[in-house]
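Coordinates from model04.txt are shown below (compact mmCIF, C-alpha atoms).
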```
# COMPACT_ATOMS: atom_id res chain seq x y z
CA MET T 5 78.87 105.47 93.30
CA ASP T 6 80.61 108.66 92.23
CA SER T 7 83.78 109.81 93.94
CA PRO T 8 84.08 113.57 93.34
CA GLY T 9 87.50 114.73 92.34
CA ARG T 10 88.99 111.28 92.02
CA GLN T 11 90.53 112.14 88.63
CA GLN T 12 92.29 115.18 90.05
CA HIS T 13 95.07 113.18 91.70
CA PRO T 14 97.92 111.85 89.52
CA PRO T 15 99.74 108.66 90.52
CA ALA T 16 102.29 109.20 93.31
CA ALA T 17 105.71 109.89 91.81
CA GLY T 18 108.60 107.53 92.38
CA THR T 19 106.74 104.35 93.28
CA PHE T 20 106.56 101.19 91.19
CA PHE T 21 104.27 98.47 92.47
CA GLU T 22 105.35 94.86 92.79
CA SER T 23 103.45 92.29 90.79
CA PHE T 24 101.42 89.66 92.60
CA ASP T 25 101.28 86.50 90.51
CA GLY T 26 100.74 83.80 93.14
CA TRP T 27 96.99 83.84 92.60
CA ALA T 28 97.39 83.47 88.83
CA GLN T 29 99.62 80.43 89.30
CA LEU T 30 97.10 78.89 91.67
CA LEU T 31 94.27 79.35 89.17
CA LYS T 32 96.36 77.87 86.35
CA ALA T 33 97.16 74.80 88.44
CA HIS T 34 93.50 74.38 89.37
CA GLY T 35 92.41 74.66 85.75
CA ALA T 36 95.00 72.13 84.60
CA ALA T 37 93.89 69.61 87.23
CA ALA T 38 90.24 70.02 86.27
CA ASN T 39 90.98 69.36 82.59
CA ASP T 40 93.25 66.31 83.02
CA GLY T 41 90.57 63.60 83.03
CA PRO T 42 88.56 62.31 80.01
CA VAL T 43 85.10 63.63 79.36
CA ALA T 44 82.36 61.04 80.07
CA ALA T 45 79.67 61.07 77.38
CA LEU T 46 75.99 60.33 78.09
CA LEU T 47 73.45 58.53 75.94
CA THR T 48 69.70 58.81 76.32
CA VAL T 49 68.00 55.39 76.52
CA ASP T 50 64.23 55.36 76.78
CA GLY T 51 64.28 58.90 78.07
CA GLU T 52 66.88 58.19 80.75
CA ALA T 53 70.48 59.24 80.77
CA ALA T 54 72.99 56.39 80.73
CA ALA T 55 76.76 56.70 80.89
CA LEU T 56 78.84 54.99 78.23
CA THR T 57 80.86 52.04 79.48
CA ASP T 58 84.09 53.54 78.17
CA PRO T 59 84.44 57.34 78.64
CA ILE T 60 85.23 59.09 75.40
CA SER T 61 88.24 61.40 75.26
CA PRO T 62 87.79 64.58 73.26
CA PRO T 63 89.27 64.45 69.74
CA PRO T 64 92.63 66.12 69.29
CA ALA T 65 92.37 69.76 68.41
CA PRO T 66 93.38 70.57 64.85
CA ASP T 67 96.67 72.36 64.43
CA VAL T 68 95.22 75.69 63.38
CA GLY T 69 97.15 78.01 65.61
CA ILE T 70 96.34 79.56 68.99
CA GLU T 71 93.13 78.44 70.71
CA ALA T 72 90.43 81.00 71.49
CA LEU T 73 90.90 83.18 74.55
CA PRO T 74 88.68 82.49 77.57
CA TRP T 75 85.54 84.62 77.40
CA ARG T 76 85.33 87.72 79.55
CA PRO T 77 82.85 90.61 79.80
CA GLY T 78 83.48 93.42 77.37
CA ARG T 79 80.53 95.74 77.91
CA ARG T 80 80.97 96.51 81.61
CA PRO T 81 83.98 97.26 83.83
CA PRO T 82 85.80 94.14 85.03
CA THR T 83 85.44 92.75 88.54
CA ALA T 84 88.57 93.11 90.65
CA LEU T 85 89.49 90.94 93.64
CA LEU T 86 90.59 92.21 97.04
CA HIS T 87 92.40 89.63 99.17
CA VAL T 88 92.33 90.32 102.92
CA VAL T 89 95.53 88.51 103.91
CA ASP T 90 95.40 86.25 106.96
CA ASP T 91 97.92 86.88 109.75
CA GLY T 92 101.26 85.25 108.93
CA ARG T 93 100.07 83.84 105.59
CA ASP T 94 100.07 84.76 101.91
CA SER T 95 96.37 84.01 101.39
CA GLY T 96 93.10 84.94 103.02
CA GLU T 97 89.54 86.08 102.44
CA THR T 98 88.67 87.17 98.89
CA ILE T 99 86.19 89.98 98.24
CA ARG T 100 84.89 90.68 94.74
CA LEU T 101 84.75 94.40 93.94
CA ARG T 102 81.50 94.78 92.04
CA ASP T 103 80.67 98.25 93.36
CA ASP T 104 82.50 101.39 92.31
CA ALA T 105 83.95 102.06 95.77
CA LEU T 106 85.09 100.16 98.86
CA VAL T 107 85.99 101.57 102.31
CA VAL T 108 88.30 99.88 104.84
CA GLY T 109 87.78 100.84 108.46
CA ARG T 110 87.47 99.79 112.07
CA GLN T 111 83.72 100.44 112.28
CA THR T 112 82.48 101.43 108.82
CA GLY T 113 82.93 100.29 105.24
CA SER T 114 82.79 97.03 103.34
CA VAL T 115 85.85 95.68 105.18
CA ARG T 116 85.67 96.19 108.97
CA ILE T 117 88.35 95.04 111.41
CA PRO T 118 87.11 96.12 114.87
CA HIS T 119 89.99 94.60 116.86
CA ASP T 120 92.74 96.61 115.07
CA PRO T 121 93.34 99.75 117.20
CA PHE T 122 95.53 101.31 114.48
CA LEU T 123 92.63 101.49 112.03
CA GLU T 124 90.48 104.60 111.93
CA VAL T 125 86.68 104.34 111.90
CA SER T 126 87.03 104.95 108.13
CA HIS T 127 90.66 104.45 107.16
CA ALA T 128 91.12 104.10 103.38
CA ARG T 129 89.08 103.92 100.20
CA LEU T 130 89.30 102.25 96.79
CA ASP T 131 87.49 103.97 93.90
CA ARG T 132 87.00 102.49 90.44
CA LEU T 133 88.47 104.72 87.75
CA PRO T 134 86.84 105.23 84.35
CA GLY T 135 88.16 102.74 81.83
CA SER T 136 90.32 100.67 84.16
CA GLY T 137 92.27 100.81 87.38
CA TRP T 138 91.53 101.81 90.96
CA LEU T 139 92.39 104.84 93.08
CA LEU T 140 93.66 104.14 96.61
CA SER T 141 93.17 107.04 99.05
CA ASP T 142 93.95 107.45 102.72
CA LEU T 143 91.06 109.08 104.60
CA GLY T 144 93.16 111.15 106.97
CA SER T 145 94.25 108.31 109.22
CA ALA T 146 96.88 108.80 111.92
CA ASP T 147 98.67 105.52 111.16
CA GLY T 148 98.60 106.01 107.39
CA THR T 149 98.09 103.81 104.35
CA TRP T 150 101.17 102.06 102.98
CA VAL T 151 101.88 100.49 99.58
CA ARG T 152 104.49 97.86 98.76
CA VAL T 153 106.97 99.08 96.16
CA MET T 154 110.11 97.88 94.44
CA THR T 155 111.76 101.28 94.70
CA ALA T 156 110.93 104.81 95.83
CA LYS T 157 112.50 108.25 95.85
CA LEU T 158 113.70 109.50 99.22
CA ARG T 159 112.59 113.07 99.82
CA PRO T 160 112.60 114.84 103.21
CA GLY T 161 109.59 113.48 105.05
CA THR T 162 109.31 110.20 103.09
CA ARG T 163 108.08 107.49 105.46
CA PHE T 164 108.87 103.87 104.72
CA GLN T 165 108.71 100.49 106.41
CA ILE T 166 111.03 97.49 106.21
CA GLY T 167 110.15 94.44 108.29
CA GLY T 168 108.26 95.87 111.24
CA THR T 169 110.33 99.07 111.44
CA ARG T 170 108.98 102.41 110.20
CA LEU T 171 111.44 105.20 109.45
CA VAL T 172 111.32 108.73 108.04
CA PHE T 173 114.01 110.24 105.82
CA ARG T 174 115.33 113.61 107.04
CA ARG T 175 117.99 116.10 106.00
CA ARG T 176 120.05 117.52 108.86
CA ALA T 177 121.13 121.12 109.30
CA ASP T 178 124.76 120.12 108.71
CA GLY T 179 123.88 118.84 105.23
CA GLY T 180 123.86 115.17 106.18
CA ALA T 181 120.89 112.79 106.17
CA GLU T 182 119.36 110.35 108.65
CA PHE T 183 116.62 107.80 109.10
CA ALA T 184 114.60 108.72 112.20
CA PRO T 185 111.83 106.70 113.87
CA ALA T 186 108.54 107.44 112.11
CA CYS T 187 106.78 107.60 115.50
CA ARG T 188 108.04 110.36 117.78
CA ASP T 189 107.38 108.29 120.89
CA ASP T 190 109.37 105.34 119.53
CA GLY T 191 112.41 106.28 121.62
CA ALA T 192 114.89 104.90 119.06
CA THR T 193 117.97 106.89 118.07
CA PRO T 194 118.10 108.27 114.50
CA LEU T 195 120.48 106.45 112.17
CA PRO T 196 122.94 108.78 110.40
CA CYS T 197 123.17 107.89 106.71
CA PRO T 198 126.57 107.35 105.08
CA PRO T 199 127.05 108.51 101.50
CA PRO T 200 125.24 106.15 99.12
CA PRO T 201 125.35 103.40 98.15
CA PHE T 202 124.68 101.73 101.50
CA LEU T 203 122.50 98.93 102.87
CA LEU T 204 119.91 98.39 105.60
CA GLY T 205 119.97 94.99 107.28
CA ARG T 206 119.29 92.94 110.40
CA ALA T 207 121.72 93.37 113.29
CA ASP T 208 122.12 89.71 114.30
CA ALA T 209 122.93 88.73 110.70
CA TRP T 210 125.76 91.29 110.73
CA SER T 211 127.34 89.55 113.72
CA GLN T 212 127.57 86.33 111.68
CA GLN T 213 128.87 87.94 108.49
CA THR T 214 131.16 90.86 109.10
CA ASP T 215 131.39 92.34 105.60
CA PHE T 216 128.51 92.89 103.17
CA GLY T 217 130.75 94.95 100.90
CA LEU T 218 128.93 98.25 101.61
CA PRO T 219 128.26 100.35 104.73
CA THR T 220 125.20 98.88 106.49
CA LEU T 221 122.71 100.44 108.88
CA LEU T 222 121.66 97.74 111.34
CA LEU T 223 118.15 97.23 112.77
CA GLU T 224 117.10 95.07 115.70
CA ASP T 225 114.06 93.61 113.94
CA PRO T 226 113.44 89.87 113.29
CA PHE T 227 111.28 90.71 110.26
CA VAL T 228 114.18 92.51 108.52
CA SER T 229 116.24 90.43 106.08
CA PRO T 230 120.04 90.25 106.49
CA ILE T 231 120.23 92.61 103.51
CA HIS T 232 116.79 94.20 103.26
CA ALA T 233 117.19 97.42 101.25
CA GLU T 234 119.80 99.40 99.34
CA VAL T 235 120.03 103.18 99.10
CA ILE T 236 121.54 104.53 95.91
CA ALA T 237 122.17 108.03 94.58
CA GLY T 238 120.11 109.21 91.61
CA ARG T 239 120.63 112.28 89.48
CA SER T 240 118.68 114.57 91.74
CA THR T 241 117.73 112.54 94.81
CA TRP T 242 118.39 109.30 96.66
CA ARG T 243 116.40 106.14 95.97
CA ILE T 244 115.69 103.13 98.18
CA VAL T 245 115.40 99.69 96.55
CA ASN T 246 113.87 96.58 98.09
CA ARG T 247 116.07 93.52 98.62
CA GLY T 248 114.14 91.85 101.47
CA LEU T 249 111.60 89.05 101.83
CA ASN T 250 109.00 91.17 103.63
CA GLY T 251 109.22 94.03 101.16
CA LEU T 252 109.55 97.79 101.15
CA TRP T 253 106.44 99.80 102.05
CA VAL T 254 105.95 103.54 101.57
CA ARG T 255 103.28 105.70 103.18
CA ILE T 256 101.17 107.49 100.58
CA ASP T 257 100.70 111.24 100.95
CA ALA T 258 98.28 111.53 98.01
CA PRO T 259 95.91 109.11 96.27
CA VAL T 260 97.70 106.60 94.04
CA ARG T 261 96.41 104.84 90.94
CA LEU T 262 96.59 101.03 90.92
CA ASP T 263 96.48 99.61 87.40
CA ALA T 264 98.27 96.35 88.17
CA ALA T 265 98.22 93.93 91.09
CA ALA T 266 99.41 95.70 94.24
CA GLN T 267 99.71 95.26 98.00
CA PHE T 268 98.78 97.83 100.61
CA GLN T 269 98.48 98.01 104.40
CA CYS T 270 96.02 99.78 106.70
CA GLY T 271 96.69 99.54 110.42
CA ASP T 272 98.13 96.06 110.95
CA GLN T 273 96.11 94.53 108.11
CA ARG T 274 97.56 93.80 104.68
CA PHE T 275 95.63 93.54 101.43
CA VAL T 276 96.28 92.46 97.86
CA LEU T 277 94.35 94.17 95.06
CA GLU T 278 94.10 91.97 91.97
CA PRO T 279 92.56 93.74 88.97
CA LEU T 280 91.30 91.15 86.51
CA ALA T 281 92.71 91.43 83.00
CA THR T 282 90.74 93.29 80.37
CA ASP T 283 93.17 93.14 77.43
CA PRO T 284 93.68 89.97 75.32
```

For this file, write the structure as structure tokens.
Amino acid sequence: MDSPGRQQHPPAAGTFFESFDGWAQLLKAHGAAANDGPVAALLTVDGEAAALTDPISPPPAPDVGIEALPWRPGRRPPTALLHVVDDGRDSGETIRLRDDALVVGRQTGSVRIPHDPFLEVSHARLDRLPGSGWLLSDLGSADGTWVRVMTAKLRPGTRFQIGGTRLVFRRRADGGAEFAPACRDDGATPLPCPPPPFLLGRADAWSQQTDFGLPTLLLEDPFVSPIHAEVIAGRSTWRIVNRGLNGLWVRIDAPVRLDAAAQFQCGDQRFVLEPLATDP
């Protein structure tokens, strides 16, 4: 399925996606367990298969260097995996992306989650790119599509999430900066930003440890780590860096290219995109 104009959008500047290697470790462990036992040989006796009394172990491999790589398709694009993460877990349903596009939505698309009120009818879309990689696009949703990053540039209007708290970076008329609630009806008070470097952390952790060594903006959020993020000054702009267990998520304002494993969120549903390797 063609996606007109999908090569017109460069990757979003200032975001670097976290790797997701838990699935690879699981597959390696499974493969090692499957190959531990000896291989039972079969003989044919009078046309019937009969197992040998003593299973025969394979002969030792000659020391001729690296073994052959596992076979993989080389004449068609690789199949990627999309993991629909279960609530409160790191695993979930796995969907194999064999088509050239996939839509996530409340009522339409290949992945439908009708009970999530924060999802649009059609919320986000993944498009296969020529050669390799996928393009993640938000389809004009009110709640947005968010990607998990290690670090991101803070520009006026940048929206990010730590724990369950969503904030927007703003410059004030007096030249200062603040983190305001991303939702106007949130009712929370904006947090004035001190000069960087400074931290964002959980309020109840601050009461137990009175000095983190840097100014700290405190959030009443149980999903925020004691020290969840650090804001530092770059050459031309501020940057925010993840330090927390539940990650740093940034709302995309243009389609982003996903060449490596990445996590994204639509509504209250999180996903892991796992492109399968194509290079030796």

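The space separating atom CA of T:Pro200 from atom CA of T:Glu234 comes to 8.7 Å.
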
*To one decimal place, how far is atom CA of T:Ile166 from atom CA of T:Leu218 in Å?*
18.5 Å

*Nearest to T:Ile231, chosen from T:His127, T:Arg116, T:Arg80, T:Arg247, with only C-alpha atoms counted in the distances*: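 Closest to T:Ile231 of all the choices is T:Arg247.
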
_Just checking: using only C-alpha atoms, which residue out of T:Trp253, T:Cys270, T:Ala281, T:Glu97 ends up closest to T:Arg170?_
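Nearest candidate to T:Arg170 out of T:Trp253, T:Cys270, T:Ala281, T:Glu97: T:Trp253.
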
*Would you kindly return, as a count of residues only, each protein, DNA or RNA residue with an atom no farther than 10 Å from any atom of T:Thr193, considering only C-alpha atoms and excluding same-chain residues fewer than 4 positions away?*
3

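When atom CA of T:Gly167 is paired with atom CA of T:Asp131, their separation reads 28.5 Å.
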
Please rebuild stretch 149-164 of chain T with N, CA and C atoms and return the result as a compact mmCIF listing (two decimals), in the frame of the given file.
```
# COMPACT_ATOMS: atom_id res chain seq x y z
N THR T 149 98.28 104.91 105.29
CA THR T 149 98.09 103.81 104.35
C THR T 149 99.41 103.63 103.61
N TRP T 150 99.84 102.37 103.49
CA TRP T 150 101.17 102.06 102.98
C TRP T 150 101.05 101.13 101.78
N VAL T 151 101.88 101.36 100.75
CA VAL T 151 101.88 100.49 99.58
C VAL T 151 103.24 99.82 99.46
N ARG T 152 103.24 98.60 98.96
CA ARG T 152 104.49 97.86 98.76
C ARG T 152 105.06 98.22 97.40
N VAL T 153 106.34 98.61 97.39
CA VAL T 153 106.97 99.08 96.16
C VAL T 153 108.30 98.37 95.96
N MET T 154 108.77 98.37 94.73
CA MET T 154 110.11 97.88 94.44
C MET T 154 111.16 98.94 94.75
N THR T 155 110.82 100.19 94.47
CA THR T 155 111.76 101.28 94.70
C THR T 155 110.98 102.56 94.92
N ALA T 156 111.59 103.53 95.59
CA ALA T 156 110.93 104.81 95.83
C ALA T 156 111.98 105.89 96.00
N LYS T 157 111.62 107.11 95.63
CA LYS T 157 112.50 108.25 95.85
C LYS T 157 112.45 108.64 97.32
N LEU T 158 113.61 109.04 97.85
CA LEU T 158 113.70 109.50 99.22
C LEU T 158 113.75 111.02 99.22
N ARG T 159 112.65 111.62 99.64
CA ARG T 159 112.59 113.07 99.82
C ARG T 159 112.43 113.35 101.31
N PRO T 160 112.81 114.54 101.79
CA PRO T 160 112.60 114.84 103.21
C PRO T 160 111.14 114.61 103.60
N GLY T 161 110.93 113.80 104.61
CA GLY T 161 109.59 113.48 105.05
C GLY T 161 109.06 112.17 104.52
N THR T 162 109.76 111.50 103.59
CA THR T 162 109.31 110.20 103.09
C THR T 162 109.33 109.18 104.23
N ARG T 163 108.19 108.52 104.42
CA ARG T 163 108.08 107.49 105.46
C ARG T 163 108.04 106.12 104.80
N PHE T 164 108.84 105.21 105.30
CA PHE T 164 108.87 103.87 104.72
C PHE T 164 108.99 102.83 105.82
```
